[in-house]
>>> print(open('data-v3.csv').read())   # CSV, C-alpha atoms and all ligand atoms
chain,number,residue,atom,x,y,z
A,226,MET,CA,0.0,0.0,0.0
A,227,TYR,CA,2.8,2.3,1.1
A,228,TYR,CA,4.7,1.3,-2.1
A,229,ARG,CA,1.7,2.0,-4.4
A,230,SER,CA,0.9,5.4,-2.9
A,231,LYS,CA,4.6,6.3,-3.2
A,232,VAL,CA,4.6,5.3,-6.9
A,233,PHE,CA,1.4,7.3,-7.3
A,234,ALA,CA,2.9,10.3,-5.7
A,235,THR,CA,6.0,10.1,-7.8
A,236,VAL,CA,3.9,9.8,-11.0
A,237,LEU,CA,1.8,12.8,-9.9
A,238,TRP,CA,4.8,14.8,-9.1
A,239,SER,CA,6.5,14.2,-12.5
A,240,LEU,CA,3.2,15.0,-14.2
A,241,MET,CA,3.2,18.3,-12.4
A,242,VAL,CA,6.8,19.0,-13.5
A,243,TRP,CA,6.0,18.2,-17.1
A,244,ALA,CA,2.9,20.4,-16.9
A,245,MET,CA,5.0,23.2,-15.7
A,246,VAL,CA,7.6,22.7,-18.5
A,247,LEU,CA,5.0,22.2,-21.3
A,248,THR,CA,2.5,25.0,-20.3
A,249,PRO,CA,3.1,28.0,-22.5
A,250,ARG,CA,5.0,30.8,-20.6
A,251,ALA,CA,2.0,33.1,-20.9
A,252,ALA,CA,0.4,31.1,-18.1
A,253,TYR,CA,3.0,32.5,-15.7
A,254,ALA,CA,2.2,36.1,-16.3
A,255,VAL,CA,2.3,37.7,-12.8
A,256,TRP,CA,2.9,41.0,-11.2
A,257,HIS,CA,6.5,42.2,-10.9
A,258,SER,CA,7.3,44.9,-8.4
A,259,GLU,CA,10.5,46.6,-7.4
A,260,ALA,CA,11.4,49.7,-5.5
A,261,GLN,CA,14.8,51.5,-5.3
A,262,ALA,CA,16.1,54.8,-3.8
A,263,ILE,CA,16.8,57.1,-6.8
A,264,MET,CA,16.5,60.9,-7.2
A,265,GLY,CA,16.5,61.4,-3.5
A,266,THR,CA,13.2,59.5,-3.3
A,267,ARG,CA,11.6,56.1,-3.6
A,268,VAL,CA,11.1,54.9,-7.2
A,269,SER,CA,8.8,52.0,-7.6
A,270,VAL,CA,7.6,50.0,-10.6
A,271,THR,CA,4.8,47.4,-10.8
A,272,LEU,CA,4.0,45.7,-14.0
A,273,TRP,CA,2.1,42.7,-15.4
A,274,TYR,CA,4.1,40.8,-18.0
A,275,LYS,CA,4.0,37.3,-19.4
A,276,ASN,CA,7.7,36.5,-19.5
A,277,PRO,CA,9.4,36.8,-16.1
A,278,ALA,CA,13.0,37.2,-17.5
A,279,LYS,CA,11.8,40.0,-19.8
A,280,ALA,CA,9.8,41.6,-17.0
A,281,THR,CA,13.0,41.7,-14.8
A,282,HIS,CA,14.8,43.2,-17.7
A,283,LEU,CA,12.1,45.9,-18.2
A,284,VAL,CA,12.1,46.8,-14.5
A,285,ALA,CA,16.0,47.2,-14.7
A,286,GLN,CA,15.5,49.4,-17.8
A,287,VAL,CA,13.1,51.6,-16.0
A,288,MET,CA,15.5,52.0,-13.0
A,289,ALA,CA,18.3,52.7,-15.4
A,290,GLU,CA,16.3,55.5,-17.1
A,291,MET,CA,15.5,57.0,-13.7
A,292,ARG,CA,19.2,57.0,-12.8
A,293,ARG,CA,20.0,58.6,-16.2
A,294,ILE,CA,17.5,61.4,-15.5
A,295,ASP,CA,18.9,61.9,-12.0
A,296,SER,CA,22.5,62.1,-13.2
A,297,ALA,CA,21.5,64.6,-16.0
A,298,TYR,CA,19.3,66.9,-13.9
A,299,SER,CA,20.4,66.6,-10.3
A,300,PRO,CA,21.5,70.0,-8.9
A,301,TYR,CA,23.5,68.1,-6.3
A,302,LYS,CA,25.8,66.4,-8.9
A,303,LYS,CA,28.5,68.6,-10.2
A,304,SER,CA,28.8,66.5,-13.4
A,305,SER,CA,25.0,66.9,-14.3
A,306,ASN,CA,23.9,68.7,-17.4
A,307,LEU,CA,22.0,71.0,-15.1
A,308,SER,CA,25.0,71.9,-13.0
A,309,ARG,CA,26.9,72.6,-16.2
A,310,MET,CA,24.2,74.9,-17.4
A,311,ASN,CA,24.1,76.7,-14.1
A,312,ARG,CA,27.9,77.2,-14.2
A,313,LEU,CA,28.0,78.4,-17.9
A,314,ALA,CA,24.7,80.1,-18.7
A,315,PRO,CA,25.2,83.1,-16.5
A,316,LYS,CA,28.4,83.9,-18.4
A,317,ARG,CA,26.7,83.7,-21.8
A,318,SER,CA,24.7,86.3,-23.7
A,319,ALA,CA,22.3,86.6,-26.7
A,320,ALA,CA,25.3,86.8,-28.9
A,321,ASN,CA,27.0,83.8,-27.4
A,322,PRO,CA,24.4,81.5,-25.9
A,323,LEU,CA,25.0,78.0,-24.5
A,324,ALA,CA,24.1,75.0,-26.6
A,325,ILE,CA,21.9,72.5,-24.7
A,326,SER,CA,20.5,69.0,-25.4
A,327,PRO,CA,17.1,68.5,-27.0
A,328,GLU,CA,15.9,67.0,-23.7
A,329,MET,CA,17.1,70.0,-21.7
A,330,THR,CA,15.3,72.2,-24.2
A,331,ARG,CA,12.1,70.3,-23.6
A,332,LEU,CA,12.4,70.4,-19.9
A,333,LEU,CA,13.1,74.2,-19.8
A,334,GLY,CA,10.4,74.9,-22.4
A,335,LYS,CA,7.8,73.1,-20.3
A,336,ALA,CA,9.0,74.7,-17.1
A,337,LEU,CA,9.0,78.2,-18.6
A,338,TYR,CA,5.5,77.6,-20.0
A,339,TYR,CA,4.2,76.8,-16.5
A,340,GLY,CA,6.1,79.9,-15.2
A,341,GLN,CA,4.0,82.0,-17.5
A,342,LEU,CA,0.7,80.0,-17.0
A,343,SER,CA,1.0,80.3,-13.2
A,344,GLN,CA,2.1,84.0,-13.4
A,345,GLY,CA,5.4,83.2,-11.7
A,346,ALA,CA,4.2,80.8,-9.0
A,347,PHE,CA,6.0,78.0,-10.7
A,348,ASP,CA,9.5,79.4,-11.2
A,349,ILE,CA,12.6,77.2,-11.8
A,350,THR,CA,14.9,80.0,-10.7
A,351,PHE,CA,13.4,79.8,-7.1
A,352,ALA,CA,16.7,78.1,-6.3
A,353,SER,CA,18.8,81.2,-6.9
A,354,LEU,CA,18.0,82.0,-3.3
A,355,ALA,CA,16.4,78.7,-2.1
A,356,ARG,CA,19.6,76.7,-2.7
A,357,TYR,CA,20.8,78.2,0.6
A,358,TYR,CA,18.1,76.4,2.6
A,359,ASP,CA,19.4,73.2,4.2
A,360,TYR,CA,16.4,71.2,5.4
A,361,ARG,CA,18.5,68.5,7.1
A,362,ALA,CA,20.6,71.0,9.0
A,363,GLY,CA,17.5,73.2,9.6
A,364,THR,CA,19.2,76.4,8.3
A,365,GLN,CA,17.9,79.2,6.1
A,366,PRO,CA,19.4,81.9,3.8
A,367,SER,CA,20.8,84.9,5.7
A,368,THR,CA,19.3,88.3,5.4
A,369,ALA,CA,22.2,89.4,3.2
A,370,GLN,CA,21.6,86.5,0.9
A,371,ARG,CA,17.9,87.2,0.7
A,372,LYS,CA,18.6,90.8,-0.2
A,373,GLN,CA,21.1,89.9,-2.9
A,374,LEU,CA,19.4,86.9,-4.4
A,375,LEU,CA,15.7,87.5,-4.3
A,376,PRO,CA,15.9,89.7,-7.5
A,377,ALA,CA,17.6,86.7,-9.3
A,378,ILE,CA,14.3,84.7,-8.9
A,379,ASP,CA,12.4,85.3,-12.1
A,380,TYR,CA,12.0,82.6,-14.8
A,381,ARG,CA,12.1,85.4,-17.4
A,382,HIS,CA,15.9,85.6,-16.7
A,383,VAL,CA,16.2,82.2,-18.4
A,384,LYS,CA,16.5,83.0,-22.1
A,385,LEU,CA,15.7,79.9,-24.0
A,386,ASP,CA,15.8,79.6,-27.8
A,387,ALA,CA,13.9,76.3,-28.3
A,388,ALA,CA,14.5,76.2,-32.1
A,389,ALA,CA,18.2,76.8,-31.8
A,390,GLN,CA,18.5,74.7,-28.5
A,391,THR,CA,20.4,77.3,-26.7
A,392,VAL,CA,20.1,79.2,-23.4
A,393,TYR,CA,21.6,82.0,-21.4
A,394,TYR,CA,20.7,83.7,-18.1
A,395,SER,CA,20.2,87.4,-18.4
A,396,ARG,CA,21.3,88.2,-14.8
A,397,PRO,CA,24.0,87.1,-12.5
A,398,HIS,CA,23.2,84.7,-9.6
A,399,VAL,CA,20.4,83.0,-11.5
A,400,TYR,CA,20.3,79.3,-10.6
A,401,VAL,CA,17.9,76.8,-12.0
A,402,ASP,CA,16.5,73.7,-10.2
A,403,LEU,CA,14.1,71.3,-12.0
A,404,GLY,CA,13.0,69.5,-8.8
A,405,GLY,CA,9.4,70.7,-9.4
A,406,ILE,CA,9.1,69.0,-12.8
A,407,ALA,CA,11.7,66.3,-13.3
A,408,LYS,CA,10.1,63.4,-11.4
A,409,GLY,CA,6.8,63.8,-13.4
A,410,TYR,CA,8.9,63.7,-16.6
A,411,ALA,CA,10.7,60.6,-15.3
A,412,VAL,CA,7.5,58.7,-14.7
A,413,ASP,CA,6.3,59.6,-18.2
A,414,ARG,CA,9.6,58.3,-19.7
A,415,ALA,CA,9.3,55.0,-17.7
A,416,ILE,CA,5.7,54.5,-18.8
A,417,SER,CA,6.5,55.1,-22.5
A,418,LEU,CA,9.4,52.7,-22.3
A,419,LEU,CA,7.1,50.0,-20.9
A,420,ARG,CA,4.3,50.7,-23.4
A,421,GLN,CA,6.7,50.4,-26.3
A,422,ALA,CA,7.8,47.0,-24.9
A,423,GLY,CA,4.2,45.8,-25.1
A,424,VAL,CA,3.3,46.2,-21.4
A,425,LYS,CA,-0.4,46.8,-20.9
A,426,HIS,CA,-0.7,47.2,-17.1
A,427,ALA,CA,1.9,49.1,-15.1
A,428,SER,CA,2.3,51.7,-12.4
A,429,VAL,CA,5.5,53.8,-11.8
A,430,SER,CA,6.0,56.2,-9.1
A,431,ALA,CA,8.9,58.6,-8.0
A,432,GLY,CA,8.0,60.0,-4.6
A,433,GLY,CA,4.8,62.0,-5.0
A,434,ASP,CA,4.6,61.6,-8.8
A,435,SER,CA,2.9,58.5,-10.2
A,436,ARG,CA,1.7,57.4,-13.6
A,437,VAL,CA,-0.4,54.3,-14.4
A,438,LEU,CA,-0.7,52.4,-17.7
A,439,GLY,CA,-4.0,50.6,-18.4
A,440,ASP,CA,-5.9,49.3,-15.4
A,441,ARG,CA,-5.0,46.8,-12.7
A,442,ARG,CA,-6.4,43.9,-14.8
A,443,GLY,CA,-10.0,44.6,-14.5
A,444,GLN,CA,-9.8,47.0,-11.6
A,445,PRO,CA,-8.6,50.6,-11.4
A,446,TRP,CA,-5.2,51.4,-9.9
A,447,VAL,CA,-5.7,53.1,-6.5
A,448,VAL,CA,-3.3,55.8,-5.5
A,449,GLY,CA,-3.4,57.1,-2.0
A,450,ILE,CA,-3.0,60.8,-1.0
A,451,LYS,CA,-1.1,61.0,2.3
A,452,GLN,CA,-2.6,62.6,5.3
A,453,PRO,CA,-0.5,65.7,5.6
A,454,ARG,CA,1.7,65.7,8.7
A,455,VAL,CA,-0.1,62.8,10.5
A,456,GLY,CA,2.3,59.9,10.2
A,457,GLU,CA,2.0,57.7,7.2
A,458,GLY,CA,-1.8,57.5,7.0
A,459,ILE,CA,-3.8,57.9,3.7
A,460,ALA,CA,-6.3,60.8,3.6
A,461,ILE,CA,-8.0,60.0,0.2
A,462,LYS,CA,-7.8,57.1,-2.2
A,463,VAL,CA,-8.0,57.9,-5.9
A,464,PRO,CA,-9.0,55.2,-8.5
A,465,LEU,CA,-7.2,55.7,-11.8
A,466,ASN,CA,-6.6,54.2,-15.2
A,467,ASP,CA,-4.1,55.5,-17.8
A,468,SER,CA,-3.4,58.7,-15.9
A,469,ALA,CA,-0.8,60.6,-14.0
A,470,ILE,CA,-1.1,61.9,-10.4
A,471,SER,CA,1.3,64.3,-8.6
A,472,THR,CA,1.1,65.4,-5.0
A,473,SER,CA,3.1,68.3,-3.6
A,474,GLY,CA,3.2,68.3,0.2
A,475,ASP,CA,4.8,70.5,2.8
A,476,TYR,CA,5.7,67.4,4.8
A,477,GLU,CA,8.2,66.0,2.3
A,478,ARG,CA,11.2,68.1,3.3
A,479,PHE,CA,10.9,70.6,6.2
A,480,PHE,CA,12.1,71.7,9.5
A,481,ILE,CA,10.6,73.8,12.3
A,482,SER,CA,12.5,77.1,12.8
A,483,GLU,CA,13.5,78.6,16.2
A,484,GLN,CA,10.5,80.9,15.8
A,485,GLY,CA,8.3,77.8,15.5
A,486,GLU,CA,7.6,78.3,11.7
A,487,TRP,CA,7.1,75.3,9.4
A,488,VAL,CA,9.9,75.8,6.9
A,489,HIS,CA,9.5,73.5,3.8
A,490,HIS,CA,10.8,72.9,0.3
A,491,ILE,CA,8.0,74.6,-1.8
A,492,ILE,CA,9.0,78.2,-2.2
A,493,ASN,CA,7.0,81.3,-3.0
A,494,PRO,CA,9.2,82.9,-5.6
A,495,SER,CA,8.0,86.4,-4.8
A,496,THR,CA,9.1,86.2,-1.1
A,497,GLY,CA,11.8,83.5,-1.1
A,498,ASN,CA,9.9,81.9,1.9
A,499,SER,CA,8.1,78.6,2.1
A,500,SER,CA,4.7,78.9,0.6
A,501,GLY,CA,1.9,79.3,3.2
A,502,GLN,CA,-1.7,78.2,3.1
A,503,LEU,CA,-1.9,74.6,1.8
A,504,ALA,CA,-0.6,71.3,3.2
A,505,SER,CA,-1.0,69.2,0.1
A,506,VAL,CA,-2.0,69.6,-3.5
A,507,THR,CA,-2.8,66.7,-5.8
A,508,ILE,CA,-3.2,67.0,-9.6
A,509,ILE,CA,-4.6,64.3,-11.8
A,510,GLY,CA,-4.1,64.5,-15.6
A,511,PRO,CA,-2.9,62.7,-18.7
A,512,ASP,CA,0.9,62.9,-18.0
A,513,GLY,CA,3.3,63.5,-15.2
A,514,PHE,CA,5.3,66.3,-16.9
A,515,ASP,CA,2.2,68.5,-16.5
A,516,THR,CA,0.7,67.2,-13.3
A,517,ASP,CA,4.1,67.6,-11.5
A,518,ALA,CA,4.5,71.3,-12.6
A,519,LEU,CA,0.9,72.0,-11.8
A,520,SER,CA,0.9,70.5,-8.3
A,521,THR,CA,3.9,72.7,-7.4
A,522,SER,CA,2.2,75.8,-9.1
A,523,VAL,CA,-1.1,75.3,-7.3
A,524,PHE,CA,0.7,74.7,-4.0
A,525,VAL,CA,2.2,78.2,-4.3
A,526,LEU,CA,-0.9,79.8,-5.6
A,527,GLY,CA,-3.1,78.7,-2.7
A,528,ALA,CA,-6.7,77.3,-2.8
A,529,GLU,CA,-8.6,80.1,-4.5
A,530,GLN,CA,-6.1,81.1,-7.2
A,531,GLY,CA,-5.0,77.5,-7.6
A,532,LEU,CA,-8.5,76.2,-8.4
A,533,ALA,CA,-8.9,79.2,-10.7
A,534,LEU,CA,-5.9,77.9,-12.6
A,535,ILE,CA,-7.1,74.3,-12.8
A,536,ASN,CA,-10.8,74.6,-13.4
A,537,PRO,CA,-10.5,76.0,-16.9
A,538,LEU,CA,-8.1,73.1,-17.9
A,539,PRO,CA,-10.4,70.3,-19.1
A,540,GLU,CA,-7.8,67.5,-18.7
A,541,PHE,CA,-6.8,68.3,-15.1
A,542,GLU,CA,-8.4,67.9,-11.7
A,543,ALA,CA,-7.2,68.9,-8.3
A,544,ILE,CA,-7.6,67.8,-4.7
A,545,LEU,CA,-6.3,70.4,-2.1
A,546,ILE,CA,-5.9,69.9,1.6
A,547,THR,CA,-5.4,73.1,3.6
A,548,ARG,CA,-3.2,73.3,6.7
A,549,ALA,CA,-6.4,73.3,8.7
A,550,GLY,CA,-7.4,70.0,7.1
A,551,LYS,CA,-10.2,71.3,4.8
A,552,VAL,CA,-10.4,69.5,1.4
A,553,HIS,CA,-11.1,71.4,-1.8
A,554,TYR,CA,-11.9,69.7,-5.1
A,555,SER,CA,-11.8,71.1,-8.7
A,556,ASN,CA,-15.1,71.3,-10.4
A,557,GLY,CA,-14.8,67.9,-12.2
A,558,LEU,CA,-14.3,66.1,-8.9
A,559,ALA,CA,-16.6,68.1,-6.6
A,560,PRO,CA,-19.4,66.0,-5.1
A,561,PRO,CA,-22.9,67.2,-6.2
A,562,GLU,CA,-24.3,70.0,-4.0
B,601,LIG,P1,7.0,68.9,-5.9
B,601,LIG,O1,7.1,67.9,-4.7
B,601,LIG,O2,6.8,68.3,-7.2
B,601,LIG,O3,6.0,70.0,-5.6
B,601,LIG,O4,8.3,69.6,-6.0
B,601,LIG,C1,8.9,70.3,-5.0
B,601,LIG,C2,10.2,70.7,-5.5
B,601,LIG,O5,10.0,71.7,-6.5
B,601,LIG,C3,11.1,71.3,-4.5
B,601,LIG,O6,11.8,70.3,-3.8
B,601,LIG,C4,12.0,72.2,-5.3
B,601,LIG,O7,13.0,71.4,-5.9
B,601,LIG,C5,11.0,72.6,-6.4
B,601,LIG,N1,10.4,73.9,-6.1
B,601,LIG,C6,10.1,74.5,-5.0
B,601,LIG,N2,9.4,75.7,-5.1
B,601,LIG,C7,9.3,75.8,-6.5
B,601,LIG,C8,8.6,76.8,-7.3
B,601,LIG,N3,8.0,77.9,-6.7
B,601,LIG,N4,8.6,76.6,-8.6
B,601,LIG,C9,9.2,75.6,-9.2
B,601,LIG,N5,9.8,74.6,-8.5
B,601,LIG,C10,9.9,74.7,-7.1
B,602,MG,MG,5.4,69.0,-8.6
>>> encode(input="data-v3.csv", output="structure tokens", more="lines below")
Ligand code: AMP
Ligand code: MG
Amino acid sequence: MYYRSKVFATVLWSLMVWAMVLTPRAAYAVWHSEAQAIMGTRVSVTLWYKNPAKATHLVAQVMAEMRRIDSAYSPYKKSSNLSRMNRLAPKRSAANPLAISPEMTRLLGKALYYGQLSQGAFDITFASLARYYDYRAGTQPSTAQRKQLLPAIDYRHVKLDAAAQTVYYSRPHVYVDLGGIAKGYAVDRAISLLRQAGVKHASVSAGGDSRVLGDRRGQPWVVGIKQPRVGEGIAIKVPLNDSAISTSGDYERFFISEQGEWVHHIINPSTGNSSGQLASVTIIGPDGFDTDALSTSVFVLGAEQGLALINPLPEFEAILITRAGKVHYSNGLAPPE
């Protein structure tokens, strides 16, 4: 009896092995997920793909693209294209502008467009002064630095010729930082890479910027908006298909000053101080390049002016949480009265 059941078990086991070998690989399509620390934040990728080896390769390609973007546009890396531009563009002029890459031209073009659309609330030259905040050390620019560098904050000092792919800065001390737009661009690049490889269901996020491809196999993706300042809790869950979502929050990088002020990383370009009224702004739209810039813009503009910017844009919606915890929605999301 024992012998027969052992034979039976062996036969069954080998049948299972053969079934695994012979079944087409498509039957093993599963979710693949990975997260890594890149761009000073957490980059995560989830995708559904039939071939596990190819899926692992695709995840690696996404991570490599994120690292490439970080090394090209990080203001903290001396060798980045951005650092090079910040070193050279102030020394150039209309007669002798600096040649830049097609990608840098696109990034600057989009950033300057949002500078104009937000009437200067989104301003990539905020860092002319704000580079002297150190959120880890809890230090702020000095009064002398504020006086000298505040006038250097104005996106119109960045003279881009998109057709010629050149730039120069028209004032000394101008310093560009693309931190308000680069992560949204990066998640777009990741999704387009996956889509071109034939992936139908994926989600990519870089800190507060996420983009989803397709649905979650029959269900929407669900992206959580963090409860500002109260631990790691989720305040609102947003179901999404084929969209981007960006959240700007005053809890991402901050310190509390000796005077008890909440000093954080989103800067009002007209004062050089952290921007006041809101605790978090979420923008939903077709791509991350736009939702990232818009979330930072609306954060600086505040609830009233911010919603006035978003409501006329048919492709974008907004969810705002004030410091007092009140939630405002753009017209397309507002619950019926
Ligand atoms: P986000 O989390 O996308 O809102 O991006 C915040 C980042 O945008 C900051 O860490 C800065 O690098 C950058 N930033 C801060 N203030 C501004 C501003 N007024 N305009 C453009 N970028 C900004
Ligand atoms: Mg942003």
>>> residues_near_ligand(input="data-v3.csv", ligand="ligand LIG 601 (chain B)", cutoff="7 Å", atoms="all atoms listed in the file", output="list in words")
Ala346, Phe347, Asp348, Ile349, Phe351, Asp402, Leu403, Gly404, Gly405, Ile406, Gly433, Ser471, Thr472, Ser473, Gly474, His490, Ile491, Ile492, Asn493, Pro494, Asp517, Ala518, Ser520, Thr521, Ser522 and Val525 of chain A
>>> atom_distance(input="data-v3.csv", atom1="atom CA of A:Gln365", atom2="atom CA of A:Ser353")
13.2 Å
>>> residues_near_point(input="data-v3.csv", point="(21.7, 84.9, -25.3)", cutoff="10 Å", atoms="only C-alpha atoms", output="list of chain:residue names")
A:Ala314, A:Pro315, A:Lys316, A:Arg317, A:Ser318, A:Ala319, A:Ala320, A:Asn321, A:Pro322, A:Leu323, A:Val383, A:Lys384, A:Leu385, A:Asp386, A:Thr391, A:Val392, A:Tyr393, A:Tyr394, A:Ser395
>>> closest_residue(input="data-v3.csv", among="A:Gln390, A:Gln373, A:Ser296, A:Ser308", to="A:Met329", atoms="only C-alpha atoms")
A:Gln390
>>> closest_residue(input="data-v3.csv", among="A:Asn536, A:Thr516, A:Gln370, A:Gln444", to="ligand MG 602 (chain B)", atoms="only C-alpha atoms and all ligand atoms")
A:Thr516
>>> atom_distance(input="data-v3.csv", atom1="atom CA of A:Tyr301", atom2="atom CA of A:His382")
21.7 Å
>>> atom_distance(input="data-v3.csv", atom1="atom CA of A:Gly497", atom2="atom CA of A:Arg309")
24.0 Å
>>> residues_near_point(input="data-v3.csv", point="(8.5, 75.6, 10.0)", cutoff="12 Å", atoms="all atoms listed in the file", output="VMD selection string")
chain A and resid 360 363 to 365 475 to 476 478 to 491 498 to 501
>>> write_last_selection(input="data-v3.csv", atoms="C-alpha atoms", output="compact mmCIF listing (two decimals), in the frame of the given file")
# COMPACT_ATOMS: atom_id res chain seq x y z
CA TYR A 360 16.40 71.20 5.40
CA GLY A 363 17.50 73.20 9.60
CA THR A 364 19.20 76.40 8.30
CA GLN A 365 17.90 79.20 6.10
CA ASP A 475 4.80 70.50 2.80
CA TYR A 476 5.70 67.40 4.80
CA ARG A 478 11.20 68.10 3.30
CA PHE A 479 10.90 70.60 6.20
CA PHE A 480 12.10 71.70 9.50
CA ILE A 481 10.60 73.80 12.30
CA SER A 482 12.50 77.10 12.80
CA GLU A 483 13.50 78.60 16.20
CA GLN A 484 10.50 80.90 15.80
CA GLY A 485 8.30 77.80 15.50
CA GLU A 486 7.60 78.30 11.70
CA TRP A 487 7.10 75.30 9.40
CA VAL A 488 9.90 75.80 6.90
CA HIS A 489 9.50 73.50 3.80
CA HIS A 490 10.80 72.90 0.30
CA ILE A 491 8.00 74.60 -1.80
CA ASN A 498 9.90 81.90 1.90
CA SER A 499 8.10 78.60 2.10
CA SER A 500 4.70 78.90 0.60
CA GLY A 501 1.90 79.30 3.20
>>> closest_residue(input="data-v3.csv", among="A:Ile509, A:Ala533, A:Ala389, A:Val270", to="A:Ser430", atoms="only C-alpha atoms")
A:Val270
>>> residues_around(input="data-v3.csv", residues="A:Arg420", least_positions_apart="2", cutoff="12 Å", atoms="only C-alpha atoms", output="VMD selection string")
chain A and resid 272 to 274 283 287 413 to 418 422 to 428 437 to 439 467
>>> closest_residue(input="data-v3.csv", among="A:Gly265, A:Gly334, A:Pro327, A:Gly458", to="A:Tyr380", atoms="all atoms listed in the file")
A:Gly334
>>> residues_around(input="data-v3.csv", residues="A:Pro511", least_positions_apart="3", cutoff="7 Å", atoms="all atoms listed in the file", output="list in words")
Ser468, Ala469 and Glu540 of chain A
>>> closest_residue(input="data-v3.csv", among="A:Gly527, A:Gly510, A:Gly557, A:Gly409", to="ligand MG 602 (chain B)", atoms="all atoms listed in the file")
A:Gly409
>>> closest_residue(input="data-v3.csv", among="A:Tyr400, A:Arg436, A:Arg442, A:Leu519", to="A:Ala254", atoms="all atoms listed in the file")
A:Arg442
>>> decode(input="data-v3.csv", residues="stretch 367-386 of chain A", atoms="N, CA and C atoms", output="mmCIF file, in the first residue's frame")
data_model
loop_
_atom_site.group_PDB
_atom_site.id
_atom_site.type_symbol
_atom_site.label_atom_id
_atom_site.label_comp_id
_atom_site.auth_asym_id
_atom_site.auth_seq_id
_atom_site.Cartn_x
_atom_site.Cartn_y
_atom_site.Cartn_z
ATOM 1 N N SER A 367 20.668 83.712 4.788
ATOM 2 C CA SER A 367 20.836 84.877 5.672
ATOM 3 C C SER A 367 20.084 86.078 5.092
ATOM 4 N N THR A 368 19.961 87.112 5.893
ATOM 5 C CA THR A 368 19.297 88.335 5.425
ATOM 6 C C THR A 368 20.053 88.908 4.231
ATOM 7 N N ALA A 369 21.380 88.881 4.291
ATOM 8 C CA ALA A 369 22.175 89.424 3.177
ATOM 9 C C ALA A 369 21.940 88.604 1.907
ATOM 10 N N GLN A 370 21.888 87.307 2.043
ATOM 11 C CA GLN A 370 21.634 86.452 0.863
ATOM 12 C C GLN A 370 20.246 86.746 0.287
ATOM 13 N N ARG A 371 19.271 86.898 1.162
ATOM 14 C CA ARG A 371 17.908 87.185 0.686
ATOM 15 C C ARG A 371 17.895 88.479 -0.125
ATOM 16 N N LYS A 372 18.561 89.498 0.417
ATOM 17 C CA LYS A 372 18.566 90.806 -0.247
ATOM 18 C C LYS A 372 19.241 90.713 -1.618
ATOM 19 N N GLN A 373 20.351 90.017 -1.636
ATOM 20 C CA GLN A 373 21.113 89.944 -2.885
ATOM 21 C C GLN A 373 20.442 89.028 -3.924
ATOM 22 N N LEU A 374 19.840 87.920 -3.467
ATOM 23 C CA LEU A 374 19.440 86.860 -4.414
ATOM 24 C C LEU A 374 17.960 86.853 -4.780
ATOM 25 N N LEU A 375 17.108 87.497 -3.983
ATOM 26 C CA LEU A 375 15.682 87.494 -4.332
ATOM 27 C C LEU A 375 15.438 88.050 -5.753
ATOM 28 N N PRO A 376 16.132 89.138 -6.142
ATOM 29 C CA PRO A 376 15.908 89.655 -7.506
ATOM 30 C C PRO A 376 16.347 88.688 -8.615
ATOM 31 N N ALA A 377 17.151 87.699 -8.266
ATOM 32 C CA ALA A 377 17.571 86.724 -9.288
ATOM 33 C C ALA A 377 16.473 85.698 -9.555
ATOM 34 N N ILE A 378 15.452 85.665 -8.671
ATOM 35 C CA ILE A 378 14.333 84.721 -8.899
ATOM 36 C C ILE A 378 13.367 85.350 -9.897
ATOM 37 N N ASP A 379 13.389 84.874 -11.096
ATOM 38 C CA ASP A 379 12.414 85.262 -12.125
ATOM 39 C C ASP A 379 12.699 84.398 -13.347
ATOM 40 N N TYR A 380 11.736 83.550 -13.679
ATOM 41 C CA TYR A 380 11.959 82.603 -14.796
ATOM 42 C C TYR A 380 12.254 83.330 -16.106
ATOM 43 N N ARG A 381 11.874 84.612 -16.182
ATOM 44 C CA ARG A 381 12.126 85.359 -17.427
ATOM 45 C C ARG A 381 13.607 85.695 -17.614
ATOM 46 N N HIS A 382 14.409 85.465 -16.562
ATOM 47 C CA HIS A 382 15.861 85.628 -16.727
ATOM 48 C C HIS A 382 16.479 84.472 -17.511
ATOM 49 N N VAL A 383 15.703 83.380 -17.674
ATOM 50 C CA VAL A 383 16.213 82.219 -18.423
ATOM 51 C C VAL A 383 15.807 82.400 -19.878
ATOM 52 N N LYS A 384 16.779 82.704 -20.716
ATOM 53 C CA LYS A 384 16.487 83.024 -22.125
ATOM 54 C C LYS A 384 16.723 81.771 -22.970
ATOM 55 N N LEU A 385 15.607 81.107 -23.240
ATOM 56 C CA LEU A 385 15.671 79.856 -24.005
ATOM 57 C C LEU A 385 15.324 80.138 -25.460
ATOM 58 N N ASP A 386 16.128 79.620 -26.365
ATOM 59 C CA ASP A 386 15.761 79.614 -27.782
ATOM 60 C C ASP A 386 15.518 78.143 -28.139
#
